[in-house]
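Student: Here's a structure for you.
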Amino acid sequence: MLAFLLCLGTLIYGLLPGLLAVCLGYLLAAALAGERRRKSLRLRPLMAAAIVVFLPVMGLGLLLANAQGMAFSAVEQYQALLHHLAGTVLEIRLKLPADLASHLPDELIAAQVWLADYLKSQARALAGLGTTGLHGSLLVYVGLVVGALIEGTPKTPTDAPLRFAIRQRGAHFIDAFRQIVVAQFWIAAFNALCTAIFLLVALPFFGVEMPYIGSLIALTFFAGLIPIVGNLLCNGVLALVGLSISPEVGLACLIFLISIHKVEYAINAKVVGVKTKTAAWELLAVMFVGESVFGITGLVAAPLYYAYVKKELQAARLV
């Protein structure tokens, strides 16, 4: 019941980034002090926790000293990208060949206007991201500290039933996080690398220069952290940006994305599906429910929570 209330409370009160950071901080500290490392490279738990706590502060200091205004520039880039997509959506008929454009239904105009207005509204919403981003960054850092200290604090052996049960729940949740989130990180990195090669090498080889390349690569990585749905988002954005240049470039982007994500689905099935014994339809179902109830936060949390629930049921030998 406590684990259920914790999972529900993080969604209701917007604490999911902090919870994910707790898991990440714990795993980083555990990796530095892990038994699998050589004795010469193994750190004491407290030292490993200190490294996890202070490295982000040092990185932030270097970033502020050498890259002032980078965050604001990134926000402006994504605002410009959204406005660019909105303009492309409104001009779809002009971009397509006349024979193909004539077969598009008139009802599509209303959908184009709605989608363009939505993209413009999201661009305006980015203007107020500063305060929200600062709060989210602070929440993530506090979560890293908590997770690192969980590993760095000496654990007292106990026979107390409640403490033992809480440790079991925590171990199951961390294991689910490792399988879902960490595996998805490598999949997102693979997608971003392939997208970077396509945008920086393949297209320029044919004399095509795509706009907003840096923003598209970053979006591919961060959206790729969300299973399945993130890939669909990247597909749509990259295909629209390609279409803004020409129908041929848009088609090339779409073919590339389909090819890459066929490979990515195989990796996903191998890395995530096999470990968690979760099919793609299960992930889609829980993500649909999570998004319907809690919005984008529920969409992100759904795969992790579902994997955790499965582990609890497997431990109880119910599935």
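The chains in the structure tokens are called A, B, ... from first to last as shown; in each chain the residues are counted from 1, and the ligands are counted from 1 in the order shown.
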Could you write out, as an NGL selection string, all the residues of segment 131-211 of chain A that DSSP marks as helix (DSSP H, G or I)?
Tutor: :A and (131-152 or 161-205)
Student: What does the distance from atom CA of Leu304 of chain A to atom CA of Thr195 of chain A come to in Å, to one decimal?
Tutor: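 According to the coordinates, atom CA of Leu304 of chain A and atom CA of Thr195 of chain A are separated by 25.9 Å.
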Student: Point out the residue among A:Ile255, A:Leu46, A:Ala30, A:Val241 with the least atom-to-atom distance to Thr88 of chain A, counting only C-alpha atoms.
Tutor: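 Residue with the minimum atom-to-atom distance to Thr88 of chain A: A:Val241.
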Student: In Å, rounded to a single decimal, give me how far atom CA of Ala3 of chain A is from atom CA of Phe164 of chain A.
Tutor: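 Taking atom CA of Phe164 of chain A as the start and atom CA of Ala3 of chain A as the end point, the length is 13.2 Å.
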Student: Which one is closest to Ala21 of chain A: A:Val181, A:Ala160, A:Thr153, A:Val57? Count only C-alpha atoms.
Tutor: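 Among A:Val181, A:Ala160, A:Thr153, A:Val57, it is A:Val181 that comes nearest to Ala21 of chain A.
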Student: I'd like to know which of A:Leu138, A:Leu6, A:Ile258, A:Val249 is closest to Asn191 of chain A, using only C-alpha atoms.
Tutor: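 The shortest atom-to-atom distance to Asn191 of chain A comes from A:Ile258.
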Student: Could you list, as a PyMOL selection string, every residue within 10 Å of Leu243 of chain A, counting only C-alpha atoms and ignoring same-chain residues fewer than 4 positions away?
Tutor: chain A and resi 85+88-89+91-92+95-96+237-239+247-254
Student: If you keep N, CA and C atoms, can you produce a file of those selected residues as a compact mmCIF listing (two decimals), in the first residue's frame?
Tutor:
```txt
# COMPACT_ATOMS: atom_id res chain seq x y z
N LEU A 85 7.27 24.15 -38.26
CA LEU A 85 6.36 23.02 -38.49
C LEU A 85 4.94 23.51 -38.75
N THR A 88 4.70 24.67 -42.24
CA THR A 88 4.73 23.54 -43.17
C THR A 88 3.38 22.83 -43.22
N VAL A 89 2.73 22.68 -42.06
CA VAL A 89 1.42 22.03 -42.01
C VAL A 89 0.41 22.81 -42.85
N GLU A 91 0.99 24.62 -45.38
CA GLU A 91 1.37 24.66 -46.79
C GLU A 91 1.53 23.27 -47.41
N ILE A 92 0.92 22.26 -46.79
CA ILE A 92 1.08 20.89 -47.29
C ILE A 92 0.62 20.77 -48.74
N LYS A 95 3.18 22.08 -51.06
CA LYS A 95 4.42 21.30 -51.12
C LYS A 95 4.27 20.04 -51.97
N LEU A 96 3.06 19.46 -51.97
CA LEU A 96 2.85 18.20 -52.68
C LEU A 96 2.64 18.45 -54.18
N VAL A 237 7.80 14.74 -36.77
CA VAL A 237 8.54 16.01 -36.82
C VAL A 237 9.57 16.00 -37.94
N LEU A 238 10.36 14.93 -38.02
CA LEU A 238 11.43 14.88 -39.03
C LEU A 238 10.85 14.82 -40.44
N ALA A 239 9.74 14.08 -40.62
CA ALA A 239 9.12 14.01 -41.94
C ALA A 239 8.55 15.38 -42.35
N PRO A 247 8.91 17.42 -51.33
CA PRO A 247 8.26 16.13 -51.08
C PRO A 247 9.25 14.97 -51.12
N GLU A 248 10.27 15.07 -51.99
CA GLU A 248 11.25 13.99 -52.10
C GLU A 248 12.05 13.84 -50.80
N VAL A 249 12.45 14.97 -50.21
CA VAL A 249 13.20 14.92 -48.95
C VAL A 249 12.32 14.38 -47.83
N GLY A 250 11.05 14.82 -47.82
CA GLY A 250 10.12 14.30 -46.81
C GLY A 250 9.95 12.80 -46.92
N LEU A 251 9.84 12.30 -48.17
CA LEU A 251 9.71 10.86 -48.38
C LEU A 251 10.98 10.13 -47.97
N ALA A 252 12.15 10.72 -48.26
CA ALA A 252 13.42 10.10 -47.86
C ALA A 252 13.51 10.01 -46.34
N CYS A 253 13.09 11.06 -45.65
CA CYS A 253 13.10 11.05 -44.18
C CYS A 253 12.18 9.95 -43.65
N LEU A 254 11.02 9.82 -44.26
CA LEU A 254 10.06 8.82 -43.79
C LEU A 254 10.60 7.41 -44.00
```
Student: From the set A:Val300, A:Met287, A:Leu216, A:Cys7, which residue has the shortest atom-to-atom contact distance to Arg169 of chain A, counting only C-alpha atoms?
Tutor: A:Cys7
Student: Excluding Tyr141 of chain A and its own-chain neighbours fewer than 6 positions away, which residues fall within 12 Å of it when counting only C-alpha atoms? Please give them as a list in words.
Tutor: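 Listed by chain and then number, they are Pro17, Gly18, Leu19, Leu20, Ala21, Val22, Cys23, Leu24, Gly25, Val52, Val53, Phe54, Leu55, Pro56, Val57, Leu60, Leu134, His135, Gly147 and Ala148 of chain A.
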Student: Atom CA of Tyr26 of chain A and atom CA of Ile150 of chain A, how far apart in Å?
Tutor: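 The value is 6.6 Å.
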Student: So, counting only C-alpha atoms, which residue among A:Asn231, A:Gln179, A:Leu162, A:Ala33 is closest to Ile260 of chain A?
Tutor: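 Checking each candidate against Ile260 of chain A, we get A:Asn231 as the closest.
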Student: Of the candidates A:Phe205, A:Tyr305, A:Phe288, A:Phe190, which shows the shortest atom-to-atom distance to Leu11 of chain A, using only C-alpha atoms?
Tutor: A:Tyr305
